[in-house]
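Data block for structure_29.txt (compact mmCIF, C-alpha atoms and all ligand atoms):
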```
# COMPACT_ATOMS: atom_id res chain seq x y z
CA MET A 870 -0.19 33.97 -24.33
CA LYS A 871 -1.22 37.36 -25.68
CA HIS A 872 -0.77 39.48 -22.54
CA LEU A 873 1.34 39.36 -19.38
CA LEU A 874 -1.07 40.35 -16.63
CA SER A 875 -0.44 38.14 -13.64
CA ALA A 876 2.39 35.86 -12.47
CA GLY A 877 -0.23 33.26 -11.56
CA ASP A 878 -1.33 32.96 -15.21
CA LEU A 879 1.99 31.37 -16.18
CA SER A 880 2.39 27.61 -16.36
CA ARG A 881 5.72 26.17 -15.25
CA SER A 882 6.80 25.61 -18.85
CA GLU A 883 5.85 29.17 -19.86
CA ALA A 884 7.72 30.59 -16.87
CA VAL A 885 10.82 28.47 -17.60
CA THR A 886 10.66 29.55 -21.28
CA ILE A 887 10.66 33.19 -20.20
CA LEU A 888 13.63 32.59 -17.86
CA ASP A 889 15.53 30.73 -20.60
CA THR A 890 14.76 33.50 -23.09
CA THR A 891 15.97 35.99 -20.48
CA ALA A 892 19.29 34.12 -20.31
CA ALA A 893 19.59 34.40 -24.11
CA MET A 894 18.73 38.12 -23.98
CA ALA A 895 21.23 38.68 -21.16
CA ALA A 896 23.92 37.02 -23.29
CA THR A 897 23.24 39.48 -26.12
CA GLN A 898 23.73 42.31 -23.64
CA GLU A 899 27.34 41.21 -23.03
CA ARG A 900 28.16 42.12 -26.63
CA GLU A 901 29.68 45.44 -27.63
CA ILE A 902 26.62 46.31 -29.71
CA LYS A 903 23.62 45.64 -27.51
CA LYS A 904 20.87 46.55 -29.94
CA LEU A 905 18.98 43.78 -31.77
CA PRO A 906 16.72 44.34 -34.82
CA THR A 907 14.02 42.02 -33.40
CA LEU A 908 11.15 44.48 -32.93
CA ARG A 909 12.00 46.98 -35.65
CA GLY A 910 8.84 48.74 -36.82
CA ARG A 911 6.88 47.84 -33.67
CA THR A 912 5.59 50.46 -31.25
CA VAL A 913 5.67 50.00 -27.48
CA VAL A 914 3.83 52.52 -25.30
CA ASN A 915 4.84 52.98 -21.66
CA LEU A 916 1.68 54.10 -19.90
CA PHE A 917 2.58 55.04 -16.34
CA PHE A 918 -0.20 56.38 -14.10
CA GLU A 919 1.87 55.78 -10.97
CA ASP A 920 5.45 56.76 -10.07
CA SER A 921 8.26 54.47 -11.10
CA THR A 922 12.00 54.68 -11.63
CA ARG A 923 13.37 51.19 -12.20
CA THR A 924 10.43 49.53 -13.93
CA ARG A 925 9.80 52.36 -16.32
CA ILE A 926 13.42 52.85 -17.35
CA SER A 927 13.87 49.12 -17.58
CA PHE A 928 10.91 48.62 -19.95
CA GLU A 929 12.06 51.57 -22.05
CA THR A 930 15.61 50.23 -22.27
CA ALA A 931 14.34 46.73 -23.10
CA ALA A 932 12.09 47.95 -25.92
CA LYS A 933 14.87 50.15 -27.34
CA ARG A 934 17.43 47.33 -27.22
CA LEU A 935 14.99 45.37 -29.39
CA SER A 936 14.71 48.32 -31.82
CA ALA A 937 11.03 49.05 -31.11
CA ASP A 938 9.76 52.61 -31.24
CA VAL A 939 8.98 53.68 -27.67
CA ILE A 940 6.44 56.24 -26.59
CA ASN A 941 6.51 57.31 -22.95
CA PHE A 942 3.20 58.48 -21.62
CA SER A 943 2.90 59.64 -18.04
CA ALA A 944 -0.40 60.64 -16.54
CA ARG A 945 1.08 63.89 -15.29
CA GLY A 946 1.27 66.32 -18.21
CA SER A 947 -1.21 64.30 -20.29
CA SER A 948 -4.95 64.62 -20.75
CA VAL A 949 -5.41 62.07 -17.95
CA SER A 950 -4.80 64.96 -15.56
CA LYS A 951 -7.72 66.66 -17.31
CA GLY A 952 -9.92 63.68 -16.41
CA GLU A 953 -9.59 61.57 -19.56
CA SER A 954 -10.64 57.99 -18.86
CA LEU A 955 -8.62 54.81 -19.34
CA LYS A 956 -11.00 53.98 -22.19
CA ASP A 957 -10.34 57.17 -24.12
CA THR A 958 -6.61 56.85 -23.49
CA ALA A 959 -6.71 53.28 -24.82
CA LEU A 960 -8.70 54.30 -27.91
CA THR A 961 -6.08 56.98 -28.63
CA LEU A 962 -3.26 54.45 -28.33
CA GLN A 963 -5.12 52.08 -30.63
CA ALA A 964 -5.56 54.83 -33.20
CA MET A 965 -1.81 55.47 -33.03
CA GLY A 966 -1.05 51.81 -33.72
CA ALA A 967 0.48 50.65 -30.42
CA ASP A 968 1.61 47.02 -30.66
CA ALA A 969 2.17 46.73 -26.92
CA VAL A 970 1.16 48.78 -23.91
CA VAL A 971 3.13 48.58 -20.68
CA ILE A 972 0.83 49.85 -17.96
CA ARG A 973 1.35 50.81 -14.31
CA HIS A 974 -1.74 51.97 -12.48
CA SER A 975 -2.71 52.57 -8.86
CA ALA A 976 -5.99 50.67 -9.37
CA SER A 977 -5.70 46.91 -8.96
CA GLY A 978 -7.07 45.29 -12.13
CA ALA A 979 -6.52 48.23 -14.53
CA PRO A 980 -4.28 46.21 -16.91
CA HIS A 981 -6.87 43.41 -16.97
CA VAL A 982 -9.57 45.91 -17.91
CA LEU A 983 -7.37 47.20 -20.73
CA ALA A 984 -6.61 43.69 -21.99
CA ARG A 985 -10.20 42.44 -21.90
CA SER A 986 -11.98 45.58 -23.02
CA GLY A 987 -11.45 45.29 -26.75
CA TRP A 988 -10.53 49.00 -26.76
CA MET A 989 -7.17 48.10 -28.20
CA THR A 990 -5.69 45.09 -29.96
CA GLY A 991 -2.06 45.24 -28.77
CA ALA A 992 -0.43 43.15 -26.05
CA VAL A 993 -0.81 44.43 -22.49
CA LEU A 994 2.07 44.05 -20.03
CA ASN A 995 1.31 44.73 -16.39
CA ALA A 996 4.06 46.86 -14.84
CA GLY A 997 2.34 46.97 -11.44
CA ASP A 998 -1.34 47.47 -10.59
CA GLY A 999 -2.23 48.74 -7.12
CA THR A 1000 -1.47 46.12 -4.49
CA HIS A 1001 -2.27 43.31 -6.91
CA GLN A 1002 0.39 42.09 -9.39
CA HIS A 1003 3.81 42.91 -10.78
CA PRO A 1004 4.66 39.89 -12.94
CA THR A 1005 7.90 41.13 -14.54
CA GLN A 1006 9.30 41.86 -11.07
CA ALA A 1007 8.56 38.27 -10.02
CA LEU A 1008 10.18 36.99 -13.23
CA LEU A 1009 13.34 39.04 -12.71
CA ASP A 1010 13.47 37.85 -9.11
CA ALA A 1011 13.07 34.22 -10.22
CA TYR A 1012 15.76 34.69 -12.86
CA THR A 1013 18.14 36.19 -10.27
CA LEU A 1014 17.40 33.37 -7.82
CA ARG A 1015 17.93 30.72 -10.49
CA ARG A 1016 21.27 32.17 -11.60
CA HIS A 1017 22.62 32.28 -8.06
CA LEU A 1018 21.09 29.28 -6.39
CA VAL A 1019 20.76 26.81 -9.25
CA GLY A 1020 23.27 28.07 -11.79
CA LEU A 1021 26.39 29.76 -10.59
CA ARG A 1022 27.27 27.16 -7.98
CA GLY A 1023 27.70 24.65 -10.82
CA GLY A 1024 29.16 27.35 -13.10
CA VAL A 1025 26.57 26.66 -15.81
CA ASP A 1026 23.53 28.46 -17.14
CA PRO A 1027 20.61 26.55 -15.60
CA VAL A 1028 18.51 26.53 -18.78
CA GLY A 1029 15.35 24.44 -18.40
CA HIS A 1030 15.45 24.53 -14.61
CA GLY A 1031 12.95 25.86 -12.10
CA LEU A 1032 13.68 26.60 -8.45
CA ASP A 1033 12.85 23.21 -6.99
CA GLY A 1034 13.59 22.86 -3.30
CA GLN A 1035 14.85 26.42 -2.78
CA HIS A 1036 13.53 28.24 0.28
CA VAL A 1037 12.80 31.94 -0.25
CA VAL A 1038 11.79 34.15 2.69
CA ILE A 1039 9.91 37.36 1.86
CA VAL A 1040 9.86 39.89 4.70
CA GLY A 1041 7.97 43.10 5.33
CA ASP A 1042 4.93 44.96 4.09
CA ILE A 1043 3.15 42.01 2.47
CA LEU A 1044 -0.24 43.70 2.76
CA HIS A 1045 0.57 46.45 0.24
CA SER A 1046 2.99 44.47 -1.91
CA ARG A 1047 2.18 43.39 -5.45
CA VAL A 1048 5.76 42.08 -5.53
CA ALA A 1049 4.99 39.62 -2.71
CA ARG A 1050 1.76 38.40 -4.34
CA SER A 1051 3.42 37.88 -7.71
CA ASN A 1052 6.45 36.17 -6.17
CA VAL A 1053 4.41 33.77 -4.05
CA GLU A 1054 2.59 32.57 -7.17
CA LEU A 1055 5.57 32.34 -9.50
CA LEU A 1056 8.01 30.83 -7.00
CA HIS A 1057 5.46 28.18 -6.12
CA THR A 1058 4.94 27.39 -9.82
CA LEU A 1059 8.71 26.99 -10.16
CA GLY A 1060 8.90 24.58 -7.22
CA ALA A 1061 10.31 26.82 -4.49
CA ARG A 1062 9.10 26.96 -0.91
CA VAL A 1063 8.10 30.46 0.23
CA THR A 1064 7.76 31.83 3.75
CA LEU A 1065 6.25 35.27 4.31
CA VAL A 1066 7.33 37.16 7.42
CA ALA A 1067 5.54 40.28 8.65
CA PRO A 1068 3.80 41.79 11.65
CA PRO A 1069 0.17 40.57 11.79
CA THR A 1070 -1.05 44.05 10.75
CA LEU A 1071 0.86 43.79 7.46
CA VAL A 1072 -0.37 40.33 6.46
CA PRO A 1073 -3.42 40.44 4.15
CA VAL A 1074 -6.73 39.11 5.41
CA GLY A 1075 -7.43 35.95 3.39
CA VAL A 1076 -3.79 34.88 3.11
CA GLU A 1077 -4.65 31.27 4.08
CA PRO A 1078 -5.10 29.88 0.55
CA TRP A 1079 -1.81 31.42 -0.67
CA THR A 1080 0.78 28.83 -1.63
CA CYS A 1081 3.23 29.75 1.14
CA GLU A 1082 3.82 29.66 4.88
CA VAL A 1083 3.32 32.73 7.07
CA SER A 1084 5.31 33.66 10.16
CA TYR A 1085 5.40 36.65 12.47
CA ASP A 1086 8.86 35.81 13.77
CA PHE A 1087 11.82 36.67 11.53
CA ASP A 1088 14.41 35.22 13.94
CA GLN A 1089 12.67 31.87 14.08
CA VAL A 1090 12.49 31.70 10.27
CA LEU A 1091 16.22 32.45 10.06
CA ASP A 1092 16.81 29.23 12.06
CA THR A 1093 15.60 27.32 8.99
CA GLU A 1094 18.62 28.58 6.99
CA PRO A 1095 16.82 30.03 3.96
CA ASP A 1096 18.46 30.20 0.53
CA ALA A 1097 17.33 33.78 -0.08
CA VAL A 1098 15.85 36.63 1.90
CA MET A 1099 13.80 39.19 0.00
CA MET A 1100 13.19 42.38 1.94
CA LEU A 1101 10.17 44.52 0.98
CA ARG A 1102 9.77 48.26 1.25
CA VAL A 1103 7.48 49.64 3.94
CA GLN A 1104 4.97 51.34 1.61
CA ARG A 1105 4.09 54.42 3.62
CA GLU A 1106 2.23 56.02 0.69
CA ARG A 1107 -0.35 53.21 0.91
CA MET A 1108 -0.72 53.37 4.71
CA GLY A 1109 -2.89 56.47 4.86
CA GLY A 1110 -1.58 57.91 8.12
CA GLY A 1111 -0.17 54.80 9.77
CA GLY A 1112 -1.15 52.62 12.68
CA PHE A 1113 0.35 49.49 11.13
CA PHE A 1114 3.29 49.35 13.56
CA PRO A 1115 4.23 51.29 16.70
CA SER A 1116 7.35 53.06 15.41
CA ALA A 1117 10.05 52.81 12.77
CA LEU A 1118 12.52 51.72 15.43
CA GLU A 1119 10.20 48.99 16.65
CA TYR A 1120 9.59 47.77 13.10
CA SER A 1121 13.25 47.65 12.27
CA ARG A 1122 14.04 45.81 15.53
CA SER A 1123 11.54 43.07 14.81
CA TYR A 1124 11.51 42.88 11.02
CA GLY A 1125 14.59 44.67 9.68
CA LEU A 1126 17.53 42.85 8.13
CA ASP A 1127 20.06 44.36 10.54
CA ALA A 1128 23.69 43.35 11.05
CA ARG A 1129 22.81 40.69 13.62
CA ARG A 1130 20.26 38.92 11.42
CA PHE A 1131 22.40 39.35 8.33
CA ALA A 1132 25.27 37.54 10.11
CA ARG A 1133 22.97 34.56 10.71
CA LEU A 1134 22.32 33.85 7.02
CA PRO A 1135 23.90 30.70 5.60
CA ASP A 1136 27.01 31.32 3.46
CA HIS A 1137 25.30 30.70 0.14
CA ALA A 1138 22.17 32.78 0.86
CA ILE A 1139 21.46 35.91 -1.16
CA VAL A 1140 19.82 39.18 -0.11
CA MET A 1141 17.21 40.75 -2.41
CA HIS A 1142 15.07 43.89 -2.48
CA PRO A 1143 12.90 45.13 -5.39
CA GLY A 1144 13.74 48.76 -4.64
CA PRO A 1145 13.29 51.51 -3.76
CA MET A 1146 14.86 50.76 -0.36
CA ASN A 1147 14.28 52.47 2.97
CA ARG A 1148 17.81 52.03 4.25
CA GLY A 1149 17.88 51.72 8.02
CA LEU A 1150 14.22 50.69 8.19
CA GLU A 1151 13.67 47.31 6.48
CA ILE A 1152 17.31 46.80 5.52
CA SER A 1153 20.62 48.01 6.96
CA ALA A 1154 23.24 49.56 4.69
CA ASP A 1155 25.62 46.72 5.65
CA ALA A 1156 23.21 44.12 4.27
CA ALA A 1157 22.21 46.15 1.20
CA ASP A 1158 25.80 46.84 0.15
CA SER A 1159 27.30 43.47 1.09
CA PRO A 1160 28.78 41.09 -1.52
CA ARG A 1161 25.85 38.71 -1.04
CA SER A 1162 23.35 41.43 -1.91
CA VAL A 1163 22.05 40.99 -5.48
CA ILE A 1164 19.92 44.15 -5.37
CA VAL A 1165 21.78 45.98 -8.14
CA GLU A 1166 21.91 42.81 -10.23
CA GLN A 1167 18.12 42.49 -9.91
CA VAL A 1168 17.78 45.86 -11.67
CA GLY A 1169 20.11 44.74 -14.48
CA ASN A 1170 18.26 41.46 -14.87
CA GLY A 1171 15.05 43.44 -15.17
CA VAL A 1172 16.09 44.69 -18.60
CA ALA A 1173 16.77 41.16 -19.92
CA VAL A 1174 13.49 39.83 -18.47
CA ARG A 1175 11.51 42.64 -20.11
CA MET A 1176 13.30 42.08 -23.41
CA ALA A 1177 12.27 38.43 -23.16
CA ALA A 1178 8.65 39.29 -22.33
CA LEU A 1179 8.36 41.81 -25.19
CA TYR A 1180 10.04 39.41 -27.58
CA LEU A 1181 7.82 36.47 -26.68
CA LEU A 1182 4.61 38.52 -26.83
CA LEU A 1183 5.37 40.50 -29.97
CA ALA A 1184 7.73 38.38 -32.03
CA GLY A 1185 5.58 35.36 -31.15
CA ALA A 1186 3.16 36.79 -33.73
CA GLY A 1187 5.56 35.64 -36.42
CA ASP A 1188 7.03 38.35 -38.59
CA ALA A 1189 9.66 39.93 -36.31
CA SER A 1190 13.27 38.85 -36.77
CA PRO A 1191 14.75 36.86 -33.85
CA PRO A 1192 17.96 37.71 -31.92
CA GLY A 1193 20.05 35.25 -33.96
CA HIS A 1194 22.41 32.22 -33.72
CA ALA A 1195 22.44 29.49 -31.08
CA GLU A 1196 20.86 31.60 -28.37
CA ASN A 1197 17.87 32.40 -30.54
CA PRO A 1198 14.94 32.07 -28.11
CA ALA A 1199 11.82 30.21 -29.12
CA PRO A 1200 8.37 31.79 -28.63
CA ILE A 1201 6.19 30.76 -25.67
CA GLU A 1202 3.95 27.78 -26.41
CA GLY A 1203 0.61 28.91 -27.71
CA ALA A 1204 1.75 32.51 -28.17
CA ALA A 1205 -0.72 34.31 -30.35
C1 LIG B 1 8.01 47.79 -6.42
C2 LIG B 1 6.69 48.27 -6.94
O1 LIG B 1 6.58 49.33 -7.52
O2 LIG B 1 5.75 47.51 -6.75
N1 LIG B 1 9.12 48.38 -6.97
C3 LIG B 1 9.56 48.11 -8.23
O3 LIG B 1 8.79 47.87 -9.14
N2 LIG B 1 10.88 48.08 -8.42
C4 LIG B 1 8.05 47.72 -4.95
C5 LIG B 1 7.93 49.00 -4.17
O4 LIG B 1 7.52 50.04 -4.66
O5 LIG B 1 8.26 48.93 -2.97
```
Would you mind writing the file out in structure tokens?
Ligand code: NCD
Amino acid sequence: MKHLLSAGDLSRSEAVTILDTTAAMAATQEREIKKLPTLRGRTVVNLFFEDSTRTRISFETAAKRLSADVINFSARGSSVSKGESLKDTALTLQAMGADAVVIRHSASGAPHVLARSGWMTGAVLNAGDGTHQHPTQALLDAYTLRRHLVGLRGGVDPVGHGLDGQHVVIVGDILHSRVARSNVELLHTLGARVTLVAPPTLVPVGVEPWTCEVSYDFDQVLDTEPDAVMMLRVQRERMGGGGFFPSALEYSRSYGLDARRFARLPDHAIVMHPGPMNRGLEISADAADSPRSVIVEQVGNGVAVRMAALYLLLAGAGDASPPGHAENPAPIEGAA
């Protein structure tokens, strides 16, 4: 694996290797000195053409914890705002010797174009492209699910495990959500059952072949006692004026995780949200701030997942020094 473009590209063994490597990275982050020499001398460029808080800071932190040099490039304030193309930007990064480019772009497919173009030789990591993919978000979600549902109940780190038999319900604006697409693919690969819940207007046309079930009735799905409920943000910036649901109140009544629905979750179930949240719309403050909410932990796990991804893509090439001792993660099979 040279790039990380799409959650669906990962085999089960590659995905489990990333989750196991994440566990090793997370363990290093419990130490007093969190910085590892692993990617010393390597350059990681964060190329963000679309707004981001969590993902951008998380990738930057991950690269710095691995001792890489990090260059942050945002479209605003760069020559992209003067009309420079993705190609010319990529050629510039290549000339500057970028070993990896983390790209977020509003156009679905932009990271794939970068990876396949030959404009640059470094690894490409997709940090979210349009409504298409967000693979590191799906990986951090899978890691969080595995820790809580497979691991912590037995008190052991579930190394080597997938998510077999777990039922994950993803609720909300599926139509505009790269998080939903990536999660459906990865959770299926890892053996989980996924149910999407949304109003018909927010379910993509052509959802039939997706490896999941679809429901329009949140209350009915809650009867099945899911292991996790992942609430998605209503992405108003992609709705171009609205018309997808009658009113915020109506949406929240039918599809929000309010106090009544929250109380119906089984005792072991966890509540997730990729952030940023619209409190009071898709999720109530009670649910978001409850002890069974893992929303803040998801953000923390994001750093370890991105450390794992950067390590496996860059150190897989051979000459970078690994994190050390028993938790030394092995490169992904076939990493180039
Ligand atoms: C998501 C994204 O950008 O796709 N957020 C994130 O990466 N943490 C989801 C969203 O914006 O709602």
So what do you get for atom CA of A:Tyr1124 versus atom CA of A:Leu1150, distance-wise?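 So the answer is 8.7 Å.
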Within 10 Å of ligand LIG 1 (chain B), counting all atoms listed in the file, residues as a PyMOL selection string: chain A and resi 919-925+927+973+975+996-1007+1042+1045-1049+1051+1100-1106+1142-1147+1167-1168+1171
Please indicate the distance in Å from atom CA of A:Val971 to atom CA of A:Leu916, rounded to one decimal place.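 Distance between the two atoms: 5.8 Å.
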Which residues come within 8 Å of A:Phe928, counting only C-alpha atoms, excluding same-chain residues fewer than 6 positions away, as number ranges by chain? A: 915, 971, 1172, 1175-1176
Residues near stretch 1154-1164 of chain A, anyone? I mean within 8 Å using all atoms listed in the file, not counting same-chain ones fewer than 2 positions away, as a ChimeraX atom specification. /A:1013,1126-1128,1131,1138-1144,1148-1149,1152,1166-1168
Would you mind reading off the distance between atom CA of A:Thr1058 and atom CA of A:Trp1079, one decimal, in Å?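 Between atom CA of A:Thr1058 and atom CA of A:Trp1079 the gap is 12.1 Å.
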Set out as a Markdown table a contact list for stretch 1039-1124 of chain A and stretch 870-892 of chain A with a cut-off of 10 Å, giving each residue of stretch 1039-1124 of chain A that qualifies its closest atom pair and distance in Å to one decimal, counting all atoms listed in the file, ordered by chain and rising residue number.
```
| residue | atom | partner | partner_atom | distance |
| --- | --- | --- | --- | --- |
| A:Val1048 | CA | A:Ala876 | CA | 9.9 |
| A:Arg1050 | CA | A:Ala876 | CA | 8.5 |
| A:Ser1051 | CA | A:Ala876 | CA | 5.3 |
| A:Asn1052 | CA | A:Ala876 | CA | 7.5 |
| A:Val1053 | CA | A:Gly877 | CA | 8.8 |
| A:Glu1054 | CA | A:Gly877 | CA | 5.3 |
| A:Leu1055 | CA | A:Ala876 | CA | 5.6 |
| A:Leu1056 | CA | A:Ala876 | CA | 9.3 |
| A:His1057 | CA | A:Arg881 | CA | 9.4 |
| A:Thr1058 | CA | A:Arg881 | CA | 5.6 |
| A:Leu1059 | CA | A:Arg881 | CA | 6.0 |
| A:Gly1060 | CA | A:Arg881 | CA | 8.8 |
```
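Residues in contact with stretch 1115-1120 of chain A at up to 9 Å, not including ones fewer than 3 positions away on its chain and judged by all atoms listed in the file, are Pro1068, Gly1111, Gly1112, Ser1123, Tyr1124, Gly1125, Leu1150 and Glu1151 of chain A.
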From A:His974, A:Ile926, A:Arg1062, A:Ala931, residue lying nearest A:Lys904 [all atoms listed in the file]: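 Comparing A:His974, A:Ile926, A:Arg1062, A:Ala931 against A:Lys904, the winner is A:Ala931.
Among the candidates A:Val1019, A:Val1072, A:Gly966, A:Asp1010, the residue lying nearest to A:Val1040 is A:Val1072 (atoms considered: only C-alpha atoms).
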Among listed residues A:Leu1091, A:Ala1173, A:Leu1183, A:Ala1178, nearest A:Lys903 (using only C-alpha atoms): A:Ala1173
Selection: 7 Å around A:Val1083, all atoms listed in the file, excl. self and same-chain fewer than 3 positions, as a JSON list (two decimals) with C-alpha atoms, in the coordinates of the input:
```json
[["chain", "number", "residue", "atom", "x", "y", "z"],
["A", 1064, "THR", "CA", 7.76, 31.83, 3.75],
["A", 1065, "LEU", "CA", 6.25, 35.27, 4.31],
["A", 1066, "VAL", "CA", 7.33, 37.16, 7.42]]
```
